[in-house]
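Trainee: What follows is the file target-v1.cif, containing mmCIF, C-alpha atoms and all ligand atoms:
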data_coords
loop_
_atom_site.label_atom_id
_atom_site.label_comp_id
_atom_site.auth_asym_id
_atom_site.auth_seq_id
_atom_site.Cartn_x
_atom_site.Cartn_y
_atom_site.Cartn_z
CA MET A 188 -1.10 -17.20 70.47
CA LYS A 189 -1.04 -17.71 74.25
CA VAL A 190 -4.15 -19.21 75.82
CA GLY A 191 -5.14 -19.60 79.45
CA ILE A 192 -7.64 -22.24 80.56
CA ILE A 193 -9.36 -21.88 83.92
CA GLY A 194 -10.15 -25.13 85.74
CA SER A 195 -8.62 -28.44 86.72
CA GLY A 196 -10.93 -31.23 85.59
CA GLY A 197 -11.17 -33.65 82.70
CA ARG A 198 -13.06 -31.01 80.75
CA GLU A 199 -10.15 -28.58 81.04
CA HIS A 200 -7.55 -31.21 80.10
CA ALA A 201 -9.63 -32.05 77.01
CA ILE A 202 -9.91 -28.35 76.11
CA CYS A 203 -6.13 -27.86 76.59
CA GLN A 204 -5.32 -30.92 74.50
CA THR A 205 -7.70 -29.98 71.68
CA ILE A 206 -6.37 -26.42 71.55
CA LYS A 207 -2.81 -27.71 71.65
CA ASN A 208 -3.51 -29.89 68.60
CA SER A 209 -4.53 -26.81 66.68
CA ASN A 210 -0.87 -25.81 66.11
CA LYS A 211 -1.39 -22.03 66.38
CA ILE A 212 -0.53 -22.09 70.04
CA GLU A 213 2.68 -20.60 71.33
CA LYS A 214 1.98 -21.45 74.96
CA LEU A 215 -0.84 -22.76 77.16
CA PHE A 216 -1.51 -21.97 80.81
CA CYS A 217 -3.91 -23.87 83.02
CA PHE A 218 -5.26 -22.40 86.26
CA PRO A 219 -4.62 -24.55 88.31
CA GLY A 220 -4.68 -27.62 86.01
CA ASN A 221 -3.85 -31.24 86.84
CA ALA A 222 -1.12 -33.80 86.12
CA GLY A 223 -2.39 -34.16 82.54
CA THR A 224 -2.38 -30.47 81.70
CA LYS A 225 1.09 -30.20 83.26
CA ASN A 226 2.49 -32.08 80.24
CA ILE A 227 1.13 -29.60 77.72
CA ALA A 228 0.60 -26.38 79.64
CA GLU A 229 2.13 -24.41 82.46
CA ASN A 230 0.02 -25.08 85.53
CA VAL A 231 -0.55 -21.89 87.49
CA ASN A 232 -1.57 -22.35 91.08
CA ILE A 233 -3.76 -19.33 91.81
CA ASP A 234 -6.90 -19.38 93.93
CA LEU A 235 -9.80 -19.02 91.45
CA GLU A 236 -11.54 -16.63 93.82
CA ASN A 237 -8.63 -14.22 93.63
CA PHE A 238 -9.60 -12.31 90.46
CA GLU A 239 -6.87 -9.68 90.89
CA LYS A 240 -4.12 -12.28 90.94
CA ILE A 241 -5.56 -14.03 87.91
CA ARG A 242 -5.75 -10.70 86.06
CA ASP A 243 -2.17 -9.75 86.99
CA TYR A 244 -0.84 -13.08 85.80
CA ILE A 245 -2.72 -12.89 82.49
CA LEU A 246 -1.54 -9.34 81.81
CA ASN A 247 2.07 -10.11 82.82
CA LYS A 248 2.28 -13.11 80.54
CA ASN A 249 0.45 -11.40 77.66
CA ILE A 250 -2.12 -14.15 77.43
CA ASP A 251 -4.27 -13.48 74.34
CA LEU A 252 -7.33 -15.54 75.19
CA VAL A 253 -8.82 -16.99 78.37
CA VAL A 254 -11.28 -19.89 78.41
CA VAL A 255 -13.27 -20.47 81.60
CA GLY A 256 -14.22 -24.14 82.13
CA PRO A 257 -16.21 -24.48 85.38
CA GLU A 258 -19.38 -22.75 86.56
CA LYS A 259 -18.19 -21.27 89.84
CA PRO A 260 -15.91 -18.54 88.43
CA LEU A 261 -18.53 -17.78 85.76
CA VAL A 262 -21.30 -17.35 88.32
CA ASP A 263 -18.88 -15.29 90.45
CA GLY A 264 -18.36 -12.89 87.53
CA LEU A 265 -14.78 -13.65 86.41
CA VAL A 266 -15.63 -12.89 82.78
CA ASP A 267 -17.04 -9.44 83.57
CA TYR A 268 -14.01 -8.71 85.74
CA LEU A 269 -11.37 -9.70 83.18
CA GLU A 270 -13.16 -7.97 80.32
CA LYS A 271 -12.89 -4.68 82.21
CA PHE A 272 -9.15 -4.98 81.60
CA ASN A 273 -9.61 -5.69 77.88
CA ILE A 274 -8.78 -9.37 78.28
CA LYS A 275 -10.47 -11.65 75.72
CA VAL A 276 -12.49 -14.23 77.61
CA PHE A 277 -14.61 -17.11 76.35
CA GLY A 278 -17.50 -17.68 78.75
CA PRO A 279 -20.77 -16.02 79.79
CA ASN A 280 -20.99 -12.96 82.00
CA LYS A 281 -22.37 -12.92 85.52
CA ILE A 282 -25.98 -12.15 84.59
CA ALA A 283 -26.11 -14.81 81.87
CA ALA A 284 -24.43 -17.29 84.23
CA GLN A 285 -27.50 -17.05 86.46
CA LEU A 286 -29.03 -19.55 84.03
CA GLU A 287 -27.01 -22.08 86.01
CA GLY A 288 -26.47 -20.12 89.22
CA SER A 289 -30.14 -19.77 90.05
CA LYS A 290 -32.78 -22.29 89.05
CA ILE A 291 -35.42 -19.71 89.95
CA PHE A 292 -33.91 -17.16 87.51
CA THR A 293 -34.24 -19.78 84.76
CA LYS A 294 -37.76 -20.81 85.76
CA LYS A 295 -38.86 -17.16 85.61
CA ILE A 296 -37.54 -16.89 82.05
CA CYS A 297 -39.36 -20.14 81.21
CA GLU A 298 -42.59 -18.76 82.60
CA LYS A 299 -42.31 -15.46 80.76
CA TYR A 300 -41.47 -17.01 77.37
CA ASN A 301 -43.57 -20.17 77.58
CA ILE A 302 -40.54 -22.46 77.51
CA PRO A 303 -41.57 -26.07 78.10
CA THR A 304 -40.35 -27.20 81.53
CA ALA A 305 -41.71 -29.02 84.58
CA LYS A 306 -44.44 -27.15 86.47
CA PHE A 307 -42.98 -25.68 89.61
CA GLY A 308 -43.50 -23.70 92.78
CA ILE A 309 -41.09 -21.61 94.85
CA PHE A 310 -41.28 -22.07 98.62
CA TYR A 311 -39.78 -19.95 101.35
CA ASN A 312 -40.34 -22.15 104.39
CA THR A 313 -40.85 -25.77 105.41
CA ASN A 314 -44.54 -25.45 106.36
CA GLU A 315 -45.57 -24.02 102.99
CA ALA A 316 -43.59 -26.68 101.14
CA ILE A 317 -45.05 -29.57 103.16
CA LYS A 318 -48.59 -28.22 102.84
CA PHE A 319 -48.19 -28.11 99.07
CA LEU A 320 -46.77 -31.64 98.94
CA GLN A 321 -49.59 -33.08 101.02
CA ASN A 322 -51.93 -32.18 98.17
CA SER A 323 -49.75 -33.24 95.25
CA SER A 324 -48.73 -36.56 93.77
CA PHE A 325 -45.35 -38.32 94.01
CA PRO A 326 -42.65 -38.64 92.79
CA SER A 327 -41.89 -35.02 93.34
CA VAL A 328 -38.65 -33.18 92.62
CA ILE A 329 -37.19 -30.85 95.25
CA LYS A 330 -34.28 -28.59 94.36
CA ALA A 331 -31.95 -26.19 96.11
CA ASP A 332 -31.69 -22.87 94.28
CA ASN A 333 -27.92 -22.53 94.13
CA LEU A 334 -24.85 -24.16 92.69
CA ALA A 335 -24.79 -27.61 94.24
CA SER A 336 -22.68 -29.58 91.72
CA GLY A 337 -25.72 -31.60 90.67
CA LYS A 338 -26.26 -32.79 94.23
CA GLY A 339 -28.99 -30.38 95.31
CA VAL A 340 -31.76 -32.29 93.53
CA TYR A 341 -33.96 -34.83 95.29
CA ILE A 342 -36.46 -37.11 93.58
CA CYS A 343 -38.84 -37.95 96.43
CA ASN A 344 -41.28 -40.85 96.41
CA ASN A 345 -43.19 -39.95 99.55
CA ILE A 346 -43.69 -37.23 102.12
CA LYS A 347 -41.01 -38.66 104.42
CA GLU A 348 -38.32 -38.40 101.75
CA ALA A 349 -39.58 -34.93 100.89
CA GLN A 350 -39.35 -33.81 104.51
CA LYS A 351 -35.72 -34.96 104.65
CA ALA A 352 -34.88 -33.10 101.41
CA ILE A 353 -36.53 -29.90 102.65
CA ASP A 354 -34.75 -30.13 106.01
CA GLU A 355 -31.38 -30.66 104.32
CA ILE A 356 -31.83 -27.76 101.92
CA PHE A 357 -33.13 -25.27 104.52
CA GLY A 358 -30.54 -26.69 106.96
CA GLY A 359 -27.84 -25.27 104.69
CA LYS A 360 -26.42 -28.46 103.14
CA PHE A 361 -25.90 -26.59 99.84
CA GLY A 362 -25.21 -23.19 101.32
CA LYS A 363 -27.60 -20.69 102.83
CA ALA A 364 -31.08 -21.33 101.40
CA GLU A 365 -33.85 -18.74 101.47
CA ASN A 366 -36.05 -20.76 99.19
CA LEU A 367 -36.38 -24.02 97.32
CA LEU A 368 -38.15 -25.29 94.26
CA ILE A 369 -40.68 -28.09 94.04
CA GLU A 370 -41.18 -29.47 90.55
CA GLU A 371 -43.43 -31.87 88.74
CA PHE A 372 -41.57 -35.12 87.94
CA LEU A 373 -40.97 -35.51 84.21
CA ASP A 374 -41.05 -39.10 83.07
CA GLY A 375 -38.87 -39.37 79.99
CA GLU A 376 -35.29 -39.84 78.86
CA GLU A 377 -32.59 -37.25 79.41
CA MET A 378 -30.42 -35.65 76.77
CA SER A 379 -27.74 -32.97 76.89
CA PHE A 380 -27.77 -30.52 74.00
CA PHE A 381 -24.78 -28.23 73.53
CA THR A 382 -24.51 -24.93 71.71
CA ILE A 383 -21.70 -22.39 71.37
CA HIS A 384 -22.48 -18.66 71.32
CA ASP A 385 -20.77 -15.41 70.37
CA GLY A 386 -23.40 -13.04 71.77
CA GLU A 387 -25.22 -12.76 68.45
CA ASN A 388 -24.95 -16.10 66.73
CA PHE A 389 -24.85 -19.63 67.95
CA LYS A 390 -24.08 -23.06 66.53
CA ASN A 391 -24.76 -26.59 67.65
CA PHE A 392 -21.93 -28.26 69.52
CA GLY A 393 -23.15 -31.86 69.72
CA THR A 394 -25.40 -33.94 71.93
CA ALA A 395 -24.59 -36.45 74.64
CA GLN A 396 -26.00 -38.55 77.39
CA ASP A 397 -24.20 -38.80 80.65
CA HIS A 398 -24.60 -41.30 83.48
CA LYS A 399 -24.84 -39.32 86.71
CA ARG A 400 -25.42 -42.14 89.19
CA ALA A 401 -22.50 -43.88 90.86
CA LEU A 402 -23.61 -47.47 90.34
CA GLU A 403 -24.40 -49.73 87.42
CA GLY A 404 -27.97 -49.69 86.16
CA ASP A 405 -28.10 -45.93 86.92
CA LYS A 406 -28.47 -46.61 90.62
CA GLY A 407 -26.86 -45.13 93.73
CA LYS A 408 -25.91 -41.56 94.54
CA ASN A 409 -25.69 -38.71 92.09
CA THR A 410 -22.16 -37.82 91.01
CA GLY A 411 -20.60 -35.25 88.70
CA GLY A 412 -20.82 -37.87 85.92
CA MET A 413 -19.49 -41.42 85.62
CA GLY A 414 -19.35 -41.56 81.84
CA ALA A 415 -21.09 -40.34 78.71
CA TYR A 416 -21.66 -41.05 75.06
CA SER A 417 -22.23 -38.89 72.03
CA PRO A 418 -24.43 -38.51 70.07
CA SER A 419 -27.55 -39.04 72.17
CA ARG A 420 -29.77 -41.79 70.79
CA LEU A 421 -32.75 -39.42 70.97
CA ILE A 422 -31.63 -36.66 68.64
CA ASN A 423 -33.33 -36.17 65.28
CA GLU A 424 -33.87 -33.16 63.06
CA GLU A 425 -37.42 -32.47 64.20
CA LEU A 426 -36.42 -32.59 67.88
CA GLU A 427 -33.42 -30.34 67.23
CA ILE A 428 -35.65 -27.68 65.64
CA LYS A 429 -38.03 -27.85 68.60
CA ILE A 430 -35.18 -27.47 71.11
CA ILE A 431 -33.84 -24.44 69.30
CA ASN A 432 -37.16 -22.72 68.66
CA LYS A 433 -39.01 -23.53 71.86
CA ILE A 434 -36.15 -23.40 74.36
CA ILE A 435 -32.86 -21.84 73.27
CA LYS A 436 -34.06 -18.88 71.17
CA PRO A 437 -36.65 -17.71 73.74
CA THR A 438 -33.99 -17.97 76.47
CA LEU A 439 -31.62 -15.77 74.46
CA LYS A 440 -34.47 -13.32 73.91
CA GLY A 441 -35.07 -13.32 77.67
CA LEU A 442 -31.40 -12.49 78.29
CA SER A 443 -31.40 -9.74 75.68
CA GLU A 444 -34.45 -8.17 77.35
CA LEU A 445 -32.44 -8.16 80.56
CA GLY A 446 -29.85 -6.17 78.63
CA THR A 447 -27.28 -8.91 78.16
CA GLN A 448 -26.04 -11.46 75.65
CA TYR A 449 -24.75 -14.99 75.84
CA LYS A 450 -21.15 -15.84 74.94
CA GLY A 451 -19.68 -19.26 75.67
CA PHE A 452 -20.89 -22.83 75.77
CA LEU A 453 -24.49 -23.43 76.76
CA TYR A 454 -25.44 -26.87 78.02
CA THR A 455 -29.18 -27.45 77.79
CA GLY A 456 -30.21 -30.36 80.02
CA LEU A 457 -33.45 -31.81 78.67
CA MET A 458 -36.02 -34.44 79.41
CA ILE A 459 -37.45 -35.82 76.20
CA VAL A 460 -41.02 -37.03 76.56
CA LYS A 461 -42.45 -38.55 73.35
CA ASN A 462 -40.10 -36.52 71.11
CA GLU A 463 -41.02 -33.29 72.96
CA PRO A 464 -38.23 -31.44 74.78
CA TYR A 465 -38.63 -30.10 78.33
CA LEU A 466 -35.94 -28.00 79.93
CA VAL A 467 -34.57 -29.58 83.11
CA GLU A 468 -31.68 -27.22 83.68
CA TYR A 469 -29.15 -25.00 82.01
CA ASN A 470 -25.42 -25.15 82.64
CA VAL A 471 -23.33 -22.25 81.42
CA ARG A 472 -20.33 -24.35 80.38
CA MET A 473 -19.53 -27.66 78.73
CA GLY A 474 -20.51 -30.77 80.66
CA ASP A 475 -17.90 -32.92 82.33
CA PRO A 476 -17.48 -35.72 81.07
CA GLU A 477 -19.54 -34.68 78.01
CA CYS A 478 -16.77 -32.30 76.93
CA GLN A 479 -14.18 -35.08 76.96
CA THR A 480 -16.63 -37.19 74.94
CA ILE A 481 -17.45 -34.57 72.30
CA LEU A 482 -14.18 -32.68 71.71
CA PRO A 483 -12.24 -35.61 70.18
CA LYS A 484 -14.80 -35.54 67.35
CA LEU A 485 -14.11 -31.91 66.50
CA LYS A 486 -12.28 -31.34 63.19
CA THR A 487 -12.33 -27.53 63.21
CA ASN A 488 -9.59 -25.64 65.03
CA LEU A 489 -10.90 -25.02 68.56
CA SER A 490 -8.87 -21.89 69.23
CA ASP A 491 -10.28 -20.35 66.01
CA ILE A 492 -13.79 -21.13 67.28
CA PHE A 493 -13.12 -19.53 70.69
CA LEU A 494 -11.57 -16.46 69.11
CA ALA A 495 -14.48 -16.11 66.69
CA CYS A 496 -16.84 -16.20 69.67
CA CYS A 497 -14.92 -13.42 71.41
CA GLU A 498 -15.02 -11.35 68.22
CA LYS A 499 -18.68 -12.01 67.35
CA LYS A 500 -17.61 -13.81 64.18
CA LEU A 501 -18.95 -17.28 64.84
CA ASN A 502 -21.10 -17.06 61.69
CA GLN A 503 -17.87 -17.02 59.64
CA ILE A 504 -16.84 -20.45 60.95
CA ASN A 505 -18.06 -23.80 59.79
CA ILE A 506 -17.81 -26.29 62.67
CA GLU A 507 -17.01 -29.75 61.35
CA TRP A 508 -17.10 -33.11 63.10
CA VAL A 509 -15.78 -36.60 62.55
CA ASN A 510 -18.72 -38.89 61.89
CA LYS A 511 -18.05 -41.40 64.69
CA LYS A 512 -19.59 -42.54 67.93
CA SER A 513 -17.79 -41.49 71.08
CA LEU A 514 -17.88 -43.04 74.54
CA CYS A 515 -16.20 -41.95 77.75
CA VAL A 516 -15.74 -43.90 80.99
CA VAL A 517 -14.63 -42.11 84.14
CA LEU A 518 -12.25 -43.87 86.52
CA CYS A 519 -13.05 -42.77 90.08
CA SER A 520 -11.44 -43.13 93.49
CA LYS A 521 -12.98 -46.00 95.46
CA GLY A 522 -15.68 -44.58 97.71
CA TYR A 523 -16.66 -41.64 95.47
CA PRO A 524 -19.07 -39.79 95.72
CA GLU A 525 -18.73 -40.43 99.45
CA ALA A 526 -15.39 -40.25 101.28
CA TYR A 527 -12.35 -41.59 99.45
CA LYS A 528 -8.61 -41.65 100.06
CA ASN A 529 -6.48 -38.88 98.70
CA ASN A 530 -2.92 -39.00 97.37
CA VAL A 531 -3.14 -42.59 96.22
CA GLU A 532 -0.48 -43.30 93.63
CA ILE A 533 -1.60 -44.36 90.16
CA LYS A 534 1.02 -46.71 88.79
CA ASN A 535 1.17 -48.26 85.35
CA LEU A 536 0.06 -45.16 83.46
CA ASP A 537 2.98 -45.82 81.14
CA LYS A 538 1.52 -49.26 80.33
CA ILE A 539 -1.34 -47.60 78.53
CA LYS A 540 -0.50 -47.34 74.86
CA LEU A 541 -3.32 -45.35 73.37
CA LYS A 542 -4.27 -46.48 69.89
CA ASN A 543 -5.49 -44.10 67.24
CA ASN A 544 -8.85 -42.53 68.19
CA ASN A 545 -8.35 -43.35 71.87
CA PHE A 546 -7.78 -40.67 74.47
CA MET A 547 -7.08 -40.34 78.15
CA TYR A 548 -7.79 -37.12 80.04
CA HIS A 549 -6.76 -36.46 83.61
CA ALA A 550 -9.17 -35.01 86.19
CA GLY A 551 -8.33 -35.23 89.91
CA THR A 552 -4.61 -35.98 89.56
CA SER A 553 -1.38 -34.34 90.56
CA GLU A 554 2.23 -35.07 89.77
CA ASP A 555 5.15 -35.13 92.17
CA LYS A 556 8.66 -36.34 91.32
CA ASN A 557 7.42 -38.15 88.23
CA LYS A 558 4.74 -40.01 90.13
CA ILE A 559 1.03 -39.46 89.55
CA TYR A 560 -1.39 -39.30 92.49
CA ALA A 561 -5.18 -39.31 92.67
CA ILE A 562 -6.37 -36.22 94.51
CA GLY A 563 -10.05 -36.16 93.57
CA GLY A 564 -13.18 -38.27 93.24
CA ARG A 565 -13.10 -38.43 89.46
CA VAL A 566 -9.56 -39.23 88.43
CA LEU A 567 -9.12 -40.20 84.77
CA ASN A 568 -11.34 -40.18 81.68
CA PHE A 569 -10.96 -42.80 78.97
CA VAL A 570 -12.49 -41.93 75.62
CA SER A 571 -12.72 -43.85 72.38
CA LEU A 572 -14.14 -42.97 68.97
CA SER A 573 -15.39 -45.77 66.83
CA ASP A 574 -17.95 -46.73 64.20
CA ASN A 575 -20.14 -48.11 66.94
CA PHE A 576 -20.50 -47.69 70.69
CA ALA A 577 -19.76 -51.33 71.53
CA LEU A 578 -16.34 -51.16 69.88
CA ALA A 579 -15.58 -47.85 71.56
CA LYS A 580 -16.34 -49.42 74.91
CA GLU A 581 -14.16 -52.47 74.21
CA ASN A 582 -11.21 -50.18 73.54
CA ILE A 583 -11.79 -48.28 76.75
CA ILE A 584 -12.11 -51.41 78.88
CA GLU A 585 -8.84 -52.71 77.42
CA ASN A 586 -7.08 -49.52 78.52
CA LEU A 587 -8.66 -49.64 81.96
CA GLN A 588 -7.63 -53.26 82.40
CA ASN A 589 -4.07 -52.46 81.42
CA LEU A 590 -4.00 -49.75 84.03
CA ASN A 591 -5.60 -52.02 86.64
CA TRP A 592 -5.56 -49.36 89.36
CA ALA A 593 -6.42 -50.88 92.73
CA GLY A 594 -7.49 -47.51 94.15
CA GLY A 595 -10.25 -46.99 91.62
CA PHE A 596 -13.55 -48.17 90.21
CA TYR A 597 -15.59 -47.44 87.11
CA ARG A 598 -19.01 -48.27 85.74
CA LYS A 599 -18.83 -51.09 83.23
CA ASP A 600 -22.24 -50.34 81.76
CA ILE A 601 -21.73 -46.83 80.37
CA GLY A 602 -23.79 -46.50 77.19
CA TYR A 603 -25.83 -49.64 77.87
CA LYS A 604 -28.92 -48.23 76.15
CA VAL A 605 -27.10 -47.43 72.91
CA ILE A 606 -25.12 -50.65 73.00
CA GLU A 607 -28.26 -52.78 73.43
CA ASP A 608 -29.80 -50.83 70.53
CA GLN A 609 -27.02 -51.89 68.15
P1 LIG A 701 -30.40 -30.93 87.72
O1 LIG A 701 -29.29 -30.62 88.69
O2 LIG A 701 -31.51 -29.93 87.70
O3 LIG A 701 -29.88 -31.34 86.38
O4 LIG A 701 -31.03 -32.31 88.22
C1 LIG A 701 -30.26 -33.46 88.39
C2 LIG A 701 -30.98 -34.64 87.82
O5 LIG A 701 -32.25 -34.81 88.48
C3 LIG A 701 -31.35 -34.48 86.36
O6 LIG A 701 -30.30 -34.81 85.54
C4 LIG A 701 -32.52 -35.43 86.26
O7 LIG A 701 -32.04 -36.76 86.18
C5 LIG A 701 -33.21 -35.28 87.56
N1 LIG A 701 -34.31 -34.31 87.46
C6 LIG A 701 -34.24 -32.98 87.69
N2 LIG A 701 -35.44 -32.39 87.52
C7 LIG A 701 -36.30 -33.37 87.17
C8 LIG A 701 -37.69 -33.41 86.85
N3 LIG A 701 -38.48 -32.31 86.90
N4 LIG A 701 -38.25 -34.60 86.53
C9 LIG A 701 -37.49 -35.71 86.51
N5 LIG A 701 -36.18 -35.75 86.80
C10 LIG A 701 -35.58 -34.60 87.13
N1 LIG A 702 -22.05 -34.12 83.49
C1 LIG A 702 -22.89 -33.22 84.13
C2 LIG A 702 -22.37 -31.86 84.28
O1 LIG A 702 -21.33 -31.50 83.77
O2 LIG A 702 -23.02 -31.07 84.95
#
Written as structure tokens, how would this file's structure read?
Mentor:
Amino acid sequence: MKVGIIGSGGREHAICQTIKNSNKIEKLFCFPGNAGTKNIAENVNIDLENFEKIRDYILNKNIDLVVVGPEKPLVDGLVDYLEKFNIKVFGPNKIAAQLEGSKIFTKKICEKYNIPTAKFGIFYNTNEAIKFLQNSSFPSVIKADNLASGKGVYICNNIKEAQKAIDEIFGGKFGKAENLLIEEFLDGEEMSFFTIHDGENFKNFGTAQDHKRALEGDKGKNTGGMGAYSPSRLINEELEIKIINKIIKPTLKGLSELGTQYKGFLYTGLMIVKNEPYLVEYNVRMGDPECQTILPKLKTNLSDIFLACCEKKLNQINIEWVNKKSLCVVLCSKGYPEAYKNNVEIKNLDKIKLKNNNFMYHAGTSEDKNKIYAIGGRVLNFVSLSDNFALAKENIIENLQNLNWAGGFYRKDIGYKVIEDQ
């Protein structure tokens, strides 16, 4: 079977690698991929906004299955487009992708189906928003209503911070904004809950906790994710049943009443308050770096799972996992998430001898004449599976120290809550 993976991050390298391990693969393609995928797939440099070119390439190469990693092409409707040409694609369609593409779309579903989430208001201009905030309590959460790579969310402690957030959003920092959302602040602990869907059936695909802030102690700016661990320390059977019955099933019902179905990964971002789940956001894909953290635990053949999803046969598959703890630390370019240097060489990659149950996935890297260069903010992901989180972290730190890349930095406290718990 020939498989094409759309995307170029750590998530896509992990998907490529896991599919590759499944031994039914004749050839992999990655659009556009990175230096890591280049070793196992053919990297295809096509602009992801050029659907026609992507289609032509897939049809010319007789690619049997396409897996879309990131949100942008999903929200732009790549799945709908390719399916018109009878191409098998794993990922949600354009309407379903609004669960991530528009926070207001999701909030409306929550309202209609009584899904637990923060109370909210939609505001169309600065005056209305400020008037509302003058009569409400802080902290308050202000969000842009479009794809903002996790950066369009402000937790404001006073009216001054709120004013700045509102000005930035309406000023177009995250693209043209006709409205914004003001939400009640939920005081709890976050958890990411993953499911995989074939349009009719779905199955659990693990839980994780990521660390979004750039600095140790969960401080500093928001990033795409500095590290993660799986499983979340919060998950238990009772909570899982609540998440499914109160949040996921009503959402799927909402989509079906809009005349559509959900196929692909669904990432439910939750705040857990006293063992009660509240929906913070949906993402219509795997998380990054949660994907790199969870996939090494998968025992079942990933390409079989994707195919079953495209053929509405997920109920015929039993998804099995290795019973281990997994931790992932992301090595970033110095300066990230602010400005950082590009094209910095990463030497010593050959000094890393990965032991059993240890993995390294590339993200923002490229290869030129056998040299590897950092070309993004998040550069490499180090993952380790172990019987406990502390051991997993020790293995990762050993690999990072062997690499000793002067151009990078990483958070040394990933998983601190679960490691202190041990
Ligand atoms: P989002 O892009 O919606 O996931 O928001 C980014 C981050 O902001 C989340 O991961 C939470 O840490 C935080 N956040 C978002 N909404 C809320 C809320 N209503 N209460 C507390 N924290 C929130
Ligand atoms: N790790 C957060 C995300 O993928 O959105």
Trainee: Env of Ile212 of chain A: 10 Å cut, atoms = only C-alpha atoms, seq-sep filter 3 positions within chain, self excluded. Answer as an MDAnalysis selection string.
Mentor: chainID A and resid 188:190 206:209 215 490
Trainee: Around ligand LIG 701 (chain A), at most 8 Å away and counting all atoms listed in the file, which residues are there? Put them as a list in words, please.
Mentor: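 For ligand LIG 701 (chain A), the residues inside 8 Å are Lys290, Thr304, Ala305, Lys306, Ser327, Val328, Lys330, Ala335, Ser336, Gly337, Lys338, Gly339, Val340, Tyr341, Ile342, Glu370, Glu371, Phe372, Leu373, Asp374, Gly375, Glu377, Lys399, Asn409, Gly456, Met458, Val467, Glu468 and Tyr469 of chain A.
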Trainee: Give me, please, the distance in Å between atom CA of Ile506 of chain A and atom CA of Lys390 of chain A, quoted to one decimal.
Mentor: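 These two atoms are separated by 8.0 Å.
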Trainee: Might you pull out every residue within 12 Å of segment 519-521 of chain A, with only C-alpha atoms counted and same-chain residues fewer than 3 positions away left off, and present them as a VMD selection string?
Mentor: chain A and resid 197 401 to 402 410 to 414 516 524 to 533 549 to 552 560 to 569 587 592 to 598
Trainee: Restricting it to C-alpha atoms, dump the selection as a PDB file, in the coordinates of the input.
Mentor:
ATOM      1  CA  GLY A 197     -11.170 -33.650  82.700  1.00  0.00           C
ATOM      2  CA  ALA A 401     -22.500 -43.880  90.860  1.00  0.00           C
ATOM      3  CA  LEU A 402     -23.610 -47.470  90.340  1.00  0.00           C
ATOM      4  CA  THR A 410     -22.160 -37.820  91.010  1.00  0.00           C
ATOM      5  CA  GLY A 411     -20.600 -35.250  88.700  1.00  0.00           C
ATOM      6  CA  GLY A 412     -20.820 -37.870  85.920  1.00  0.00           C
ATOM      7  CA  MET A 413     -19.490 -41.420  85.620  1.00  0.00           C
ATOM      8  CA  GLY A 414     -19.350 -41.560  81.840  1.00  0.00           C
ATOM      9  CA  VAL A 516     -15.740 -43.900  80.990  1.00  0.00           C
ATOM     10  CA  PRO A 524     -19.070 -39.790  95.720  1.00  0.00           C
ATOM     11  CA  GLU A 525     -18.730 -40.430  99.450  1.00  0.00           C
ATOM     12  CA  ALA A 526     -15.390 -40.250 101.280  1.00  0.00           C
ATOM     13  CA  TYR A 527     -12.350 -41.590  99.450  1.00  0.00           C
ATOM     14  CA  LYS A 528      -8.610 -41.650 100.060  1.00  0.00           C
ATOM     15  CA  ASN A 529      -6.480 -38.880  98.700  1.00  0.00           C
ATOM     16  CA  ASN A 530      -2.920 -39.000  97.370  1.00  0.00           C
ATOM     17  CA  VAL A 531      -3.140 -42.590  96.220  1.00  0.00           C
ATOM     18  CA  GLU A 532      -0.480 -43.300  93.630  1.00  0.00           C
ATOM     19  CA  ILE A 533      -1.600 -44.360  90.160  1.00  0.00           C
ATOM     20  CA  HIS A 549      -6.760 -36.460  83.610  1.00  0.00           C
ATOM     21  CA  ALA A 550      -9.170 -35.010  86.190  1.00  0.00           C
ATOM     22  CA  GLY A 551      -8.330 -35.230  89.910  1.00  0.00           C
ATOM     23  CA  THR A 552      -4.610 -35.980  89.560  1.00  0.00           C
ATOM     24  CA  TYR A 560      -1.390 -39.300  92.490  1.00  0.00           C
ATOM     25  CA  ALA A 561      -5.180 -39.310  92.670  1.00  0.00           C
ATOM     26  CA  ILE A 562      -6.370 -36.220  94.510  1.00  0.00           C
ATOM     27  CA  GLY A 563     -10.050 -36.160  93.570  1.00  0.00           C
ATOM     28  CA  GLY A 564     -13.180 -38.270  93.240  1.00  0.00           C
ATOM     29  CA  ARG A 565     -13.100 -38.430  89.460  1.00  0.00           C
ATOM     30  CA  VAL A 566      -9.560 -39.230  88.430  1.00  0.00           C
ATOM     31  CA  LEU A 567      -9.120 -40.200  84.770  1.00  0.00           C
ATOM     32  CA  ASN A 568     -11.340 -40.180  81.680  1.00  0.00           C
ATOM     33  CA  PHE A 569     -10.960 -42.800  78.970  1.00  0.00           C
ATOM     34  CA  LEU A 587      -8.660 -49.640  81.960  1.00  0.00           C
ATOM     35  CA  TRP A 592      -5.560 -49.360  89.360  1.00  0.00           C
ATOM     36  CA  ALA A 593      -6.420 -50.880  92.730  1.00  0.00           C
ATOM     37  CA  GLY A 594      -7.490 -47.510  94.150  1.00  0.00           C
ATOM     38  CA  GLY A 595     -10.250 -46.990  91.620  1.00  0.00           C
ATOM     39  CA  PHE A 596     -13.550 -48.170  90.210  1.00  0.00           C
ATOM     40  CA  TYR A 597     -15.590 -47.440  87.110  1.00  0.00           C
ATOM     41  CA  ARG A 598     -19.010 -48.270  85.740  1.00  0.00           C
TER      42      ARG A 598
END
Trainee: Taking only residues of segment 204-232 of chain A that have an atom at most 12 Å from an atom of segment 243-259 of chain A, what is each one's shortest atom pair and its distance in Å to one decimal, using all atoms listed in the file, in chain and number order, as a tab-separated table?
Mentor:
residue	atom	partner	partner_atom	distance
A:Ile206	CA	A:Val254	CA	10.7
A:Ile212	CA	A:Asp251	CA	10.3
A:Glu213	CA	A:Ile250	CA	10.1
A:Lys214	CA	A:Ile250	CA	8.7
A:Leu215	CA	A:Ile250	CA	8.7
A:Phe216	CA	A:Ile250	CA	8.5
A:Cys217	CA	A:Val254	CA	9.6
A:Phe218	CA	A:Val255	CA	9.5
A:Pro219	CA	A:Gly256	CA	11.4
A:Gly220	CA	A:Gly256	CA	10.9
A:Glu229	CA	A:Lys248	CA	11.5
A:Val231	CA	A:Tyr244	CA	9.0
A:Asn232	CA	A:Tyr244	CA	10.7
